[in-house]
$ cat upload-v8.cif   # mmCIF, C-alpha atoms
data_structure
#
loop_
_atom_site.group_PDB
_atom_site.id
_atom_site.type_symbol
_atom_site.label_atom_id
_atom_site.label_comp_id
_atom_site.auth_asym_id
_atom_site.auth_seq_id
_atom_site.Cartn_x
_atom_site.Cartn_y
_atom_site.Cartn_z
ATOM 1 C CA MET A 1 1.929 24.814 -9.738
ATOM 2 C CA ALA A 2 4.730 24.227 -12.259
ATOM 3 C CA ASN A 3 7.206 21.375 -12.368
ATOM 4 C CA ALA A 4 10.773 22.212 -11.389
ATOM 5 C CA PRO A 5 12.703 22.890 -14.613
ATOM 6 C CA GLY A 6 14.407 19.813 -15.989
ATOM 7 C CA PRO A 7 13.851 16.495 -17.749
ATOM 8 C CA PHE A 8 11.206 15.006 -15.431
ATOM 9 C CA THR A 9 7.633 16.351 -15.622
ATOM 10 C CA VAL A 10 4.159 15.456 -14.383
ATOM 11 C CA ASN A 11 1.438 16.137 -16.940
ATOM 12 C CA HIS A 12 -2.337 16.592 -17.074
ATOM 13 C CA ARG A 13 -2.994 12.835 -16.970
ATOM 14 C CA CYS A 14 -2.139 12.781 -13.237
ATOM 15 C CA ILE A 15 -5.049 11.525 -11.077
ATOM 16 C CA ASP A 16 -3.479 12.697 -7.783
ATOM 17 C CA CYS A 17 -3.207 9.142 -6.432
ATOM 18 C CA GLY A 18 0.059 9.841 -4.608
ATOM 19 C CA THR A 19 2.048 6.915 -6.012
ATOM 20 C CA CYS A 20 5.030 9.034 -7.075
ATOM 21 C CA TRP A 21 5.431 11.150 -3.933
ATOM 22 C CA GLN A 22 4.831 8.232 -1.578
ATOM 23 C CA PHE A 23 7.621 6.300 -3.299
ATOM 24 C CA ASP A 24 9.947 9.227 -4.074
ATOM 25 C CA PRO A 25 9.194 12.265 -1.878
ATOM 26 C CA GLN A 26 12.590 13.779 -2.724
ATOM 27 C CA HIS A 27 11.427 14.669 -6.218
ATOM 28 C CA PHE A 28 7.612 14.591 -6.279
ATOM 29 C CA ALA A 29 4.923 16.221 -4.128
ATOM 30 C CA PRO A 30 1.165 16.827 -4.161
ATOM 31 C CA THR A 31 -0.325 20.203 -5.083
ATOM 32 C CA GLY A 32 -3.926 19.556 -4.044
ATOM 33 C CA SER A 33 -5.100 18.676 -7.535
ATOM 34 C CA ARG A 34 -2.208 16.703 -9.022
ATOM 35 C CA SER A 35 1.402 15.858 -8.312
ATOM 36 C CA GLN A 36 4.391 17.872 -9.465
ATOM 37 C CA VAL A 37 8.167 17.588 -9.712
ATOM 38 C CA ILE A 38 9.560 19.658 -6.846
ATOM 39 C CA ARG A 39 13.240 18.893 -7.507
ATOM 40 C CA GLN A 40 14.997 17.266 -10.418
ATOM 41 C CA PRO A 41 17.114 14.210 -9.551
ATOM 42 C CA GLU A 42 20.875 14.530 -9.414
ATOM 43 C CA GLY A 43 23.214 11.617 -10.004
ATOM 44 C CA ALA A 44 22.588 7.970 -10.831
ATOM 45 C CA VAL A 45 20.933 6.941 -7.554
ATOM 46 C CA GLU A 46 18.359 9.742 -7.548
ATOM 47 C CA THR A 47 17.677 9.306 -11.271
ATOM 48 C CA ARG A 48 17.013 5.614 -10.713
ATOM 49 C CA GLN A 49 14.483 6.446 -7.984
ATOM 50 C CA ALA A 50 12.665 8.958 -10.195
ATOM 51 C CA LEU A 51 12.594 6.475 -13.069
ATOM 52 C CA LEU A 52 11.035 3.863 -10.795
ATOM 53 C CA ALA A 53 8.396 6.395 -9.734
ATOM 54 C CA LEU A 54 7.710 6.909 -13.437
ATOM 55 C CA GLN A 55 7.340 3.152 -13.885
ATOM 56 C CA ALA A 56 5.045 2.831 -10.860
ATOM 57 C CA CYS A 57 2.654 5.590 -12.005
ATOM 58 C CA PRO A 58 -0.703 3.999 -12.909
ATOM 59 C CA VAL A 59 -1.596 6.503 -15.659
ATOM 60 C CA ALA A 60 1.774 7.245 -17.318
ATOM 61 C CA ALA A 61 1.607 10.859 -16.121
ATOM 62 C CA ILE A 62 5.355 11.217 -15.530
ATOM 63 C CA GLY A 63 7.466 12.078 -18.531
ATOM 64 C CA THR A 64 11.166 12.337 -19.225
ATOM 65 C CA THR A 65 13.584 12.191 -22.146
ATOM 66 C CA ALA A 66 13.922 9.098 -24.306
ATOM 67 C CA GLU A 67 17.554 8.814 -23.243
ATOM 68 C CA LEU A 68 16.669 8.730 -19.546
ATOM 69 C CA ARG A 69 13.702 6.427 -20.089
ATOM 70 C CA GLN A 70 16.066 3.853 -21.584
ATOM 71 C CA GLN A 71 17.830 3.759 -18.214
ATOM 72 C CA THR A 72 14.708 2.573 -16.347
ATOM 73 C CA PRO A 73 15.709 -0.504 -14.301
ATOM 74 C CA ILE A 74 13.945 -3.685 -15.365
ATOM 75 C CA ASP A 75 14.542 -5.201 -11.920
ATOM 76 C CA GLY A 76 13.604 -2.212 -9.759
ATOM 77 C CA PHE A 77 10.395 -3.753 -8.440
ATOM 78 C CA PRO A 78 9.654 -5.329 -6.126
ATOM 79 C CA ALA A 79 11.733 -2.972 -3.963
ATOM 80 C CA LEU A 80 12.846 -4.156 -0.530
ATOM 81 C CA VAL A 81 11.248 -2.247 2.369
ATOM 82 C CA THR A 82 12.323 -4.222 5.424
ATOM 83 C CA ARG A 83 13.621 -7.597 6.495
ATOM 84 C CA HIS A 84 11.633 -9.252 9.283
ATOM 85 C CA ALA A 85 12.161 -12.557 11.076
ATOM 86 C CA ALA A 86 8.858 -13.725 9.572
ATOM 87 C CA GLY A 87 9.662 -12.652 6.002
ATOM 88 C CA ASP A 88 11.185 -10.018 3.760
ATOM 89 C CA VAL A 89 8.781 -7.252 2.725
ATOM 90 C CA TYR A 90 8.805 -5.578 -0.692
ATOM 91 C CA TYR A 91 6.871 -2.762 -2.366
ATOM 92 C CA CYS A 92 5.600 -3.982 -5.746
ATOM 93 C CA GLY A 93 5.315 -0.718 -7.693
ATOM 94 C CA TRP A 94 3.376 -1.049 -10.983
ATOM 95 C CA ALA A 95 0.284 0.610 -9.442
ATOM 96 C CA SER A 96 -3.074 0.178 -11.147
ATOM 97 C CA ARG A 97 -5.528 2.895 -12.127
ATOM 98 C CA ARG A 98 -8.297 0.414 -11.273
ATOM 99 C CA SER A 99 -7.126 0.640 -7.647
ATOM 100 C CA PHE A 100 -6.490 4.416 -7.860
ATOM 101 C CA GLY A 101 -2.764 3.801 -7.583
ATOM 102 C CA ALA A 102 -2.918 1.774 -4.373
ATOM 103 C CA SER A 103 0.289 0.187 -3.098
ATOM 104 C CA SER A 104 0.658 -3.573 -3.140
ATOM 105 C CA TRP A 105 3.174 -5.537 -1.097
ATOM 106 C CA LEU A 106 5.043 -8.828 -1.393
ATOM 107 C CA VAL A 107 6.111 -10.909 1.610
ATOM 108 C CA VAL A 108 8.823 -13.460 0.829
ATOM 109 C CA ARG A 109 8.810 -16.125 3.550
ATOM 110 C CA PRO A 110 9.667 -19.807 4.071
ATOM 111 C CA GLU A 111 6.008 -20.848 4.314
ATOM 112 C CA GLY A 112 5.263 -19.428 0.841
ATOM 113 C CA ASN A 113 5.176 -15.922 -0.578
ATOM 114 C CA VAL A 114 2.151 -13.683 -0.085
ATOM 115 C CA LEU A 115 0.989 -10.827 -2.336
ATOM 116 C CA ILE A 116 -1.059 -8.230 -0.456
ATOM 117 C CA ASP A 117 -3.441 -6.436 -2.815
ATOM 118 C CA SER A 118 -2.949 -6.464 -6.555
ATOM 119 C CA PRO A 119 -0.589 -4.392 -8.680
ATOM 120 C CA ARG A 120 -1.361 -3.981 -12.349
ATOM 121 C CA TRP A 121 -0.188 -6.902 -14.424
ATOM 122 C CA SER A 122 3.474 -6.588 -15.382
ATOM 123 C CA ALA A 123 5.566 -9.288 -17.030
ATOM 124 C CA PRO A 124 8.846 -7.845 -15.630
ATOM 125 C CA LEU A 125 7.356 -7.799 -12.113
ATOM 126 C CA ALA A 126 6.070 -11.359 -12.577
ATOM 127 C CA ARG A 127 9.532 -12.538 -13.587
ATOM 128 C CA ARG A 128 11.064 -10.929 -10.501
ATOM 129 C CA ILE A 129 8.440 -12.500 -8.226
ATOM 130 C CA SER A 130 9.101 -15.877 -9.865
ATOM 131 C CA ALA A 131 12.802 -15.457 -9.122
ATOM 132 C CA LEU A 132 11.914 -14.792 -5.480
ATOM 133 C CA GLY A 133 9.901 -18.011 -5.216
ATOM 134 C CA GLY A 134 6.547 -17.236 -6.848
ATOM 135 C CA LEU A 135 3.262 -16.754 -5.021
ATOM 136 C CA GLN A 136 1.399 -19.115 -2.720
ATOM 137 C CA THR A 137 -1.304 -16.738 -1.502
ATOM 138 C CA MET A 138 -2.876 -13.388 -2.386
ATOM 139 C CA VAL A 139 -4.741 -11.332 0.221
ATOM 140 C CA LEU A 140 -7.183 -8.650 -0.956
ATOM 141 C CA THR A 141 -7.602 -6.199 1.905
ATOM 142 C CA HIS A 142 -10.849 -4.733 0.562
ATOM 143 C CA ARG A 143 -12.938 -4.265 -2.540
ATOM 144 C CA ASP A 144 -11.130 -1.181 -3.902
ATOM 145 C CA ASP A 145 -7.681 -2.667 -4.476
ATOM 146 C CA VAL A 146 -8.296 -5.929 -6.348
ATOM 147 C CA ALA A 147 -6.996 -4.613 -9.741
ATOM 148 C CA ASP A 148 -5.580 -7.508 -11.817
ATOM 149 C CA HIS A 149 -5.947 -10.184 -9.124
ATOM 150 C CA GLN A 150 -7.354 -12.734 -11.582
ATOM 151 C CA ARG A 151 -4.348 -12.516 -13.877
ATOM 152 C CA TRP A 152 -1.868 -12.798 -11.012
ATOM 153 C CA ALA A 153 -3.743 -15.758 -9.543
ATOM 154 C CA LYS A 154 -3.828 -17.530 -12.901
ATOM 155 C CA ALA A 155 -0.145 -16.876 -13.605
ATOM 156 C CA PHE A 156 1.055 -18.253 -10.261
ATOM 157 C CA GLY A 157 -1.740 -20.662 -9.301
ATOM 158 C CA CYS A 158 -2.081 -18.903 -5.953
ATOM 159 C CA SER A 159 -5.195 -18.921 -3.791
ATOM 160 C CA ARG A 160 -6.935 -15.670 -2.863
ATOM 161 C CA TRP A 161 -8.445 -14.432 0.408
ATOM 162 C CA ILE A 162 -11.042 -11.674 0.752
ATOM 163 C CA HIS A 163 -13.620 -10.815 3.399
ATOM 164 C CA GLN A 164 -17.113 -12.121 2.773
ATOM 165 C CA ALA A 165 -18.585 -8.600 2.988
ATOM 166 C CA ASP A 166 -16.446 -7.464 0.012
ATOM 167 C CA ALA A 167 -16.400 -10.780 -1.829
ATOM 168 C CA ASP A 168 -18.488 -9.537 -4.769
ATOM 169 C CA ALA A 169 -15.406 -7.532 -5.835
ATOM 170 C CA ALA A 170 -13.485 -10.800 -6.361
ATOM 171 C CA PRO A 171 -16.110 -13.506 -6.891
ATOM 172 C CA GLY A 172 -13.498 -16.061 -7.903
ATOM 173 C CA ALA A 173 -11.568 -15.823 -4.635
ATOM 174 C CA GLU A 174 -10.956 -19.272 -3.167
ATOM 175 C CA HIS A 175 -11.218 -18.270 0.523
ATOM 176 C CA GLN A 176 -13.455 -15.887 2.456
ATOM 177 C CA VAL A 177 -13.054 -14.446 5.948
ATOM 178 C CA SER A 178 -16.286 -13.825 7.848
ATOM 179 C CA GLY A 179 -17.225 -11.733 10.850
ATOM 180 C CA LEU A 180 -14.607 -10.157 13.117
ATOM 181 C CA THR A 181 -12.556 -13.237 13.951
ATOM 182 C CA ALA A 182 -8.924 -13.088 12.852
ATOM 183 C CA VAL A 183 -7.740 -15.883 10.574
ATOM 184 C CA ALA A 184 -4.258 -17.350 10.976
ATOM 185 C CA LEU A 185 -2.423 -18.292 7.806
ATOM 186 C CA ASP A 186 0.461 -20.743 7.971
ATOM 187 C CA GLY A 187 3.423 -19.194 9.737
ATOM 188 C CA PRO A 188 3.181 -15.995 11.813
ATOM 189 C CA MET A 189 0.668 -14.158 9.632
ATOM 190 C CA GLN A 190 -2.930 -13.180 10.435
ATOM 191 C CA LEU A 191 -5.831 -11.642 8.554
ATOM 192 C CA ILE A 192 -7.608 -9.174 10.845
ATOM 193 C CA PRO A 193 -11.080 -7.922 9.893
ATOM 194 C CA CYS A 194 -11.197 -4.112 10.237
ATOM 195 C CA PRO A 195 -14.648 -3.073 8.974
ATOM 196 C CA GLY A 196 -15.279 0.607 8.429
ATOM 197 C CA HIS A 197 -13.617 1.953 5.297
ATOM 198 C CA THR A 198 -15.585 -0.791 3.568
ATOM 199 C CA ALA A 199 -17.716 -3.458 5.186
ATOM 200 C CA GLY A 200 -15.096 -6.082 4.378
ATOM 201 C CA SER A 201 -11.856 -4.213 5.049
ATOM 202 C CA MET A 202 -9.044 -6.317 6.504
ATOM 203 C CA ALA A 203 -5.519 -5.755 7.743
ATOM 204 C CA VAL A 204 -2.700 -8.271 7.448
ATOM 205 C CA LEU A 205 -0.328 -8.760 10.374
ATOM 206 C CA LEU A 206 3.132 -10.252 9.891
ATOM 207 C CA GLY A 207 5.165 -11.531 12.822
ATOM 208 C CA GLU A 208 4.727 -12.132 16.531
ATOM 209 C CA SER A 209 6.752 -9.150 17.741
ATOM 210 C CA ARG A 210 7.827 -5.864 16.145
ATOM 211 C CA GLN A 211 5.137 -6.625 13.617
ATOM 212 C CA VAL A 212 4.442 -5.369 10.113
ATOM 213 C CA LEU A 213 0.844 -4.210 9.629
ATOM 214 C CA PHE A 214 -0.518 -3.994 6.088
ATOM 215 C CA SER A 215 -3.532 -1.746 6.605
ATOM 216 C CA GLY A 216 -5.186 -1.431 3.203
ATOM 217 C CA ASP A 217 -7.087 1.869 3.273
ATOM 218 C CA HIS A 218 -7.936 1.514 6.968
ATOM 219 C CA LEU A 219 -4.980 3.540 8.324
ATOM 220 C CA TRP A 220 -1.989 5.430 6.955
ATOM 221 C CA TRP A 221 0.740 7.826 8.072
ATOM 222 C CA ARG A 222 0.588 11.592 7.466
ATOM 223 C CA PRO A 223 4.134 12.965 7.802
ATOM 224 C CA ALA A 224 3.201 16.665 7.836
ATOM 225 C CA GLN A 225 1.453 16.224 11.200
ATOM 226 C CA ALA A 226 3.298 13.033 12.229
ATOM 227 C CA VAL A 227 0.033 11.182 12.868
ATOM 228 C CA VAL A 228 -1.705 7.937 11.943
ATOM 229 C CA VAL A 229 -4.831 8.776 9.938
ATOM 230 C CA ALA A 230 -8.200 7.053 9.968
ATOM 231 C CA SER A 231 -10.135 9.130 7.468
ATOM 232 C CA GLU A 232 -13.841 9.904 7.615
ATOM 233 C CA ARG A 233 -13.588 11.779 4.298
ATOM 234 C CA TYR A 234 -12.415 8.615 2.563
ATOM 235 C CA CYS A 235 -14.626 6.181 4.460
ATOM 236 C CA TRP A 236 -17.074 4.434 2.129
ATOM 237 C CA TRP A 237 -19.111 2.469 4.693
ATOM 238 C CA ASP A 238 -19.214 3.272 8.448
ATOM 239 C CA PHE A 239 -16.700 5.551 10.138
ATOM 240 C CA GLN A 240 -17.756 4.759 13.715
ATOM 241 C CA GLU A 241 -17.218 1.095 12.945
ATOM 242 C CA GLN A 242 -13.820 2.007 11.510
ATOM 243 C CA LEU A 243 -12.852 3.694 14.797
ATOM 244 C CA ARG A 244 -13.911 0.575 16.708
ATOM 245 C CA SER A 245 -11.611 -1.373 14.391
ATOM 246 C CA VAL A 246 -8.786 1.034 15.231
ATOM 247 C CA GLU A 247 -9.370 0.407 18.950
ATOM 248 C CA ARG A 248 -8.887 -3.323 18.435
ATOM 249 C CA LEU A 249 -5.421 -2.743 16.946
ATOM 250 C CA GLN A 250 -3.988 -0.797 19.890
ATOM 251 C CA GLU A 251 -2.473 -3.826 21.636
ATOM 252 C CA LEU A 252 -0.304 -4.799 18.677
ATOM 253 C CA ASP A 253 3.455 -4.341 18.615
ATOM 254 C CA VAL A 254 3.721 -2.628 15.214
ATOM 255 C CA ALA A 255 7.133 -1.707 13.838
ATOM 256 C CA TRP A 256 5.966 -0.895 10.287
ATOM 257 C CA LEU A 257 2.669 0.448 8.962
ATOM 258 C CA LEU A 258 2.329 -0.271 5.231
ATOM 259 C CA PRO A 259 -0.922 1.104 3.780
ATOM 260 C CA GLY A 260 -2.619 0.890 0.409
ATOM 261 C CA HIS A 261 -2.802 4.681 0.179
ATOM 262 C CA GLY A 262 -0.797 7.240 2.104
ATOM 263 C CA HIS A 263 2.695 7.071 3.526
ATOM 264 C CA ALA A 264 4.315 4.058 5.150
ATOM 265 C CA HIS A 265 6.007 4.586 8.510
ATOM 266 C CA SER A 266 8.224 2.780 11.002
ATOM 267 C CA PHE A 267 7.588 2.962 14.746
ATOM 268 C CA ALA A 268 9.957 2.656 17.679
ATOM 269 C CA PRO A 269 8.905 0.298 20.510
ATOM 270 C CA GLY A 270 5.896 1.720 22.344
ATOM 271 C CA GLU A 271 5.079 4.366 19.741
ATOM 272 C CA TRP A 272 2.277 2.447 18.036
ATOM 273 C CA ARG A 273 -0.174 2.484 20.936
ATOM 274 C CA SER A 274 0.324 6.183 21.656
ATOM 275 C CA ALA A 275 -0.095 6.976 17.949
ATOM 276 C CA LEU A 276 -3.454 5.170 17.822
ATOM 277 C CA GLU A 277 -4.575 6.837 21.051
ATOM 278 C CA GLN A 278 -3.883 10.181 19.363
ATOM 279 C CA THR A 279 -5.823 9.105 16.258
ATOM 280 C CA LEU A 280 -8.833 8.036 18.296
ATOM 281 C CA ALA A 281 -8.799 11.168 20.466
ATOM 282 C CA PHE A 282 -8.692 13.429 17.398
ATOM 283 C CA ASN A 283 -11.559 11.663 15.647
ATOM 284 C CA ARG A 284 -13.767 11.624 18.732
ATOM 285 C CA ARG A 285 -13.640 15.410 18.938
ATOM 286 C CA SER A 286 -13.484 16.256 15.211
ATOM 287 C CA PRO A 287 -16.343 15.668 12.743
ATOM 288 C CA CYS A 288 -14.039 14.922 9.832
ATOM 289 C CA CYS A 289 -10.430 14.039 8.961
#
$ encode --input "upload-v8.cif" --output "structure tokens"
Amino acid sequence: MANAPGPFTVNHRCIDCGTCWQFDPQHFAPTGSRSQVIRQPEGAVETRQALLALQACPVAAIGTTAELRQQTPIDGFPALVTRHAAGDVYYCGWASRRSFGASSWLVVRPEGNVLIDSPRWSAPLARRISALGGLQTMVLTHRDDVADHQRWAKAFGCSRWIHQADADAAPGAEHQVSGLTAVALDGPMQLIPCPGHTAGSMAVLLGESRQVLFSGDHLWWRPAQAVVVASERYCWWDFQEQLRSVERLQELDVAWLLPGHGHAHSFAPGEWRSALEQTLAFNRRSPCC
């Protein structure tokens, strides 16, 4: 399918990771093989959003004019997603091809800032994170999304957490989670083992109520059907174990689901449990998602 006529284009370098249309669905959309521009931005606000999608793209597949490119904000990322009593949550942008464009997230909190999964190294992003208080901790939710974790850890002197079952993907990580027992970090933040997508997949839970759940590739939102997805097609280890991990998350009070891949979504009180019940019911009767 062709790009909408105008200055922004998506070219053949696109790897169909979804970074652009997850961040800016007004202007970008998937086609089944790669993304495309579905509508050209109008006005300064929309142009800024499209330029940030261009910056976030892990393979430089989005093009525009030299004049517009010069307008790309140097302070656009990290971009604020939500403010929570336990910390402010930002989307980092600067996706990495090594993580197939996975989203990474920054939590700015009094106990010390936490980076969840690794963006590609970016000096402008590092300067912005420094201005927000630096990094105390990095959590790697699973083996796929470690990207430039070593460079970020060296730059900020932050310690890294990963599950023991995926630890070979980040052998220098200072801390390992083992088994299924949740690990509490300082402040209201927990690391929750969610094996299935990989043997060492974890979720990160922020807050004690109306929580933010960073799900890695364990769960994501699909807006077309308005459902939470646990995908057998993109499960690299054990899908039945992944569904058991989903069951263990039903009692949470999730207000925001922020995945590594797929759409983020906010939930009204009580919606989270019913959404996971729907996910489990679908996967118990369907051989694949």
$ resolve_selection --input "upload-v8.cif" --expression "the PyMOL selection byres ((chain A and resi 24) around 10)" --output "ChimeraX atom specification"
/A:18-23,25-29,46,49-54
$ residues_around --input "upload-v8.cif" --residues "Gln250 in chain A" --least-positions-apart "5" --cutoff "12 Å" --atoms "all atoms listed in the file" --output "list in words"
Leu213, Leu243, Arg244, Ser245, Gly270, Glu271, Trp272, Arg273, Ser274, Ala275, Leu276, Glu277, Gln278, Thr279 and Leu280 of chain A
$ closest_residue --input "upload-v8.cif" --among "A:Ser33, A:Glu67, A:Ala44, A:Gly260" --to "Cys92 in chain A" --atoms "all atoms listed in the file"
A:Gly260
$ resolve_selection --input "upload-v8.cif" --expression "the PyMOL selection byres ((chain A and resi 167-183) around 8)" --output "PDB file with C-alpha atoms, in the frame of the given file"
ATOM      1  CA  ARG A 143     -12.938  -4.265  -2.540  1.00  0.00           C
ATOM      2  CA  ASP A 144     -11.130  -1.181  -3.902  1.00  0.00           C
ATOM      3  CA  VAL A 146      -8.296  -5.929  -6.348  1.00  0.00           C
ATOM      4  CA  GLN A 150      -7.354 -12.734 -11.582  1.00  0.00           C
ATOM      5  CA  SER A 159      -5.195 -18.921  -3.791  1.00  0.00           C
ATOM      6  CA  ARG A 160      -6.935 -15.670  -2.863  1.00  0.00           C
ATOM      7  CA  TRP A 161      -8.445 -14.432   0.408  1.00  0.00           C
ATOM      8  CA  ILE A 162     -11.042 -11.674   0.752  1.00  0.00           C
ATOM      9  CA  HIS A 163     -13.620 -10.815   3.399  1.00  0.00           C
ATOM     10  CA  GLN A 164     -17.113 -12.121   2.773  1.00  0.00           C
ATOM     11  CA  ALA A 165     -18.585  -8.600   2.988  1.00  0.00           C
ATOM     12  CA  ASP A 166     -16.446  -7.464   0.012  1.00  0.00           C
ATOM     13  CA  ALA A 184      -4.258 -17.350  10.976  1.00  0.00           C
ATOM     14  CA  LEU A 185      -2.423 -18.292   7.806  1.00  0.00           C
ATOM     15  CA  GLN A 190      -2.930 -13.180  10.435  1.00  0.00           C
ATOM     16  CA  LEU A 191      -5.831 -11.642   8.554  1.00  0.00           C
ATOM     17  CA  ILE A 192      -7.608  -9.174  10.845  1.00  0.00           C
ATOM     18  CA  PRO A 193     -11.080  -7.922   9.893  1.00  0.00           C
ATOM     19  CA  CYS A 194     -11.197  -4.112  10.237  1.00  0.00           C
ATOM     20  CA  GLY A 200     -15.096  -6.082   4.378  1.00  0.00           C
TER      21      GLY A 200
END
$ atom_distance --input "upload-v8.cif" --atom1 "CA of Pro188 in chain A" --atom2 "CA of Gly87 in chain A"
9.3 Å
$ closest_atom_pairs --input "upload-v8.cif" --of "range 157-218 of chain A" --to "range 223-232 of chain A" --cutoff "9 Å" --atoms "all atoms listed in the file" --output "tab-separated table"
residue	atom	partner	partner_atom	distance
A:His197	CA	A:Ser231	CA	8.3
A:Asp217	CA	A:Ala230	CA	8.5
A:His218	CA	A:Ala230	CA	6.3
$ axis_aligned_box --input "upload-v8.cif" --around "range 187-192 of chain A" --padding-each-side "3 Å" --output "lines of an AutoDock Vina configuration file"
center_x = -2.1
center_y = -14.2
center_z = 10.2
size_x = 17.0
size_y = 16.0
size_z = 9.3
$ atom_distance --input "upload-v8.cif" --atom1 "CA of Arg120 in chain A" --atom2 "CA of Asp148 in chain A"
5.5 Å
$ residues_around --input "upload-v8.cif" --residues "Gly196 in chain A" --least-positions-apart "2" --cutoff "7 Å" --atoms "only C-alpha atoms" --output "PDB file with C-alpha atoms, keeping the file's coordinate frame"
ATOM      1  CA  CYS A 194     -11.197  -4.112  10.237  1.00  0.00           C
ATOM      2  CA  THR A 198     -15.585  -0.791   3.568  1.00  0.00           C
ATOM      3  CA  ALA A 199     -17.716  -3.458   5.186  1.00  0.00           C
ATOM      4  CA  SER A 201     -11.856  -4.213   5.049  1.00  0.00           C
ATOM      5  CA  CYS A 235     -14.626   6.181   4.460  1.00  0.00           C
ATOM      6  CA  TRP A 237     -19.111   2.469   4.693  1.00  0.00           C
ATOM      7  CA  ASP A 238     -19.214   3.272   8.448  1.00  0.00           C
ATOM      8  CA  PHE A 239     -16.700   5.551  10.138  1.00  0.00           C
ATOM      9  CA  GLU A 241     -17.218   1.095  12.945  1.00  0.00           C
ATOM     10  CA  GLN A 242     -13.820   2.007  11.510  1.00  0.00           C
TER      11      GLN A 242
END
$ resolve_selection --input "upload-v8.cif" --expression "the PyMOL selection byres ((chain A and resi 82) around 12)" --output "list in words"
Pro78, Ala79, Leu80, Val81, Arg83, His84, Ala85, Ala86, Gly87, Asp88, Val89, Tyr90, Tyr91, Trp105, Leu106, Val107, Val108, Leu206, Arg210, Gln211, Val212, Ala255, Trp256, Leu257, Leu258, Ala264, His265 and Ser266 of chain A
$ closest_residue --input "upload-v8.cif" --among "A:Leu125, A:Cys17, A:Ala66, A:Pro5" --to "Arg39 in chain A" --atoms "only C-alpha atoms"
A:Pro5
$ closest_residue --input "upload-v8.cif" --among "A:Ala102, A:Leu219, A:Ala147, A:Cys14" --to "Val59 in chain A" --atoms "only C-alpha atoms"
A:Cys14
$ atom_distance --input "upload-v8.cif" --atom1 "CA of Ile62 in chain A" --atom2 "CA of Gly76 in chain A"
16.8 Å
$ closest_residue --input "upload-v8.cif" --among "A:Arg248, A:His142, A:Arg151, A:Arg48" --to "Pro119 in chain A" --atoms "only C-alpha atoms"
A:Arg151
$ closest_residue --input "upload-v8.cif" --among "A:Gln36, A:Thr31, A:Thr137, A:Ser215" --to "Gly63 in chain A" --atoms "all atoms listed in the file"
A:Gln36
$ closest_residue --input "upload-v8.cif" --among "A:Val204, A:Leu140, A:Arg284, A:Ala60" --to "Gln240 in chain A" --atoms "only C-alpha atoms"
A:Arg284
$ build_atoms --input "upload-v8.cif" --residues "range 142-151 of chain A" --atoms "N, CA, C and O atoms" --output "PDB file, in the frame of the given file"
ATOM      1  N   HIS A 142      -9.498  -5.251   0.678  1.00  0.00           N
ATOM      2  CA  HIS A 142     -10.849  -4.733   0.562  1.00  0.00           C
ATOM      3  C   HIS A 142     -11.194  -4.582  -0.914  1.00  0.00           C
ATOM      4  O   HIS A 142     -10.357  -4.805  -1.791  1.00  0.00           O
ATOM      5  N   ARG A 143     -12.405  -4.224  -1.183  1.00  0.00           N
ATOM      6  CA  ARG A 143     -12.938  -4.265  -2.540  1.00  0.00           C
ATOM      7  C   ARG A 143     -12.269  -3.291  -3.513  1.00  0.00           C
ATOM      8  O   ARG A 143     -12.284  -3.502  -4.717  1.00  0.00           O
ATOM      9  N   ASP A 144     -11.656  -2.217  -3.018  1.00  0.00           N
ATOM     10  CA  ASP A 144     -11.130  -1.181  -3.902  1.00  0.00           C
ATOM     11  C   ASP A 144      -9.842  -1.576  -4.610  1.00  0.00           C
ATOM     12  O   ASP A 144      -9.526  -1.020  -5.668  1.00  0.00           O
ATOM     13  N   ASP A 145      -9.059  -2.476  -4.019  1.00  0.00           N
ATOM     14  CA  ASP A 145      -7.681  -2.667  -4.476  1.00  0.00           C
ATOM     15  C   ASP A 145      -7.432  -4.057  -5.061  1.00  0.00           C
ATOM     16  O   ASP A 145      -6.354  -4.635  -4.915  1.00  0.00           O
ATOM     17  N   VAL A 146      -8.431  -4.586  -5.784  1.00  0.00           N
ATOM     18  CA  VAL A 146      -8.296  -5.929  -6.348  1.00  0.00           C
ATOM     19  C   VAL A 146      -7.615  -5.920  -7.714  1.00  0.00           C
ATOM     20  O   VAL A 146      -7.021  -6.915  -8.126  1.00  0.00           O
ATOM     21  N   ALA A 147      -7.713  -4.824  -8.471  1.00  0.00           N
ATOM     22  CA  ALA A 147      -6.996  -4.613  -9.741  1.00  0.00           C
ATOM     23  C   ALA A 147      -6.970  -5.874 -10.606  1.00  0.00           C
ATOM     24  O   ALA A 147      -8.015  -6.417 -10.944  1.00  0.00           O
ATOM     25  N   ASP A 148      -5.754  -6.368 -10.909  1.00  0.00           N
ATOM     26  CA  ASP A 148      -5.580  -7.508 -11.817  1.00  0.00           C
ATOM     27  C   ASP A 148      -5.407  -8.823 -11.060  1.00  0.00           C
ATOM     28  O   ASP A 148      -4.618  -9.695 -11.458  1.00  0.00           O
ATOM     29  N   HIS A 149      -6.130  -9.000  -9.973  1.00  0.00           N
ATOM     30  CA  HIS A 149      -5.947 -10.184  -9.124  1.00  0.00           C
ATOM     31  C   HIS A 149      -6.152 -11.482  -9.900  1.00  0.00           C
ATOM     32  O   HIS A 149      -5.450 -12.484  -9.652  1.00  0.00           O
ATOM     33  N   GLN A 150      -7.089 -11.501 -10.849  1.00  0.00           N
ATOM     34  CA  GLN A 150      -7.354 -12.734 -11.582  1.00  0.00           C
ATOM     35  C   GLN A 150      -6.138 -13.155 -12.405  1.00  0.00           C
ATOM     36  O   GLN A 150      -5.784 -14.341 -12.459  1.00  0.00           O
ATOM     37  N   ARG A 151      -5.502 -12.186 -13.043  1.00  0.00           N
ATOM     38  CA  ARG A 151      -4.348 -12.516 -13.877  1.00  0.00           C
ATOM     39  C   ARG A 151      -3.170 -12.991 -13.039  1.00  0.00           C
ATOM     40  O   ARG A 151      -2.460 -13.935 -13.413  1.00  0.00           O
TER      41      ARG A 151
END
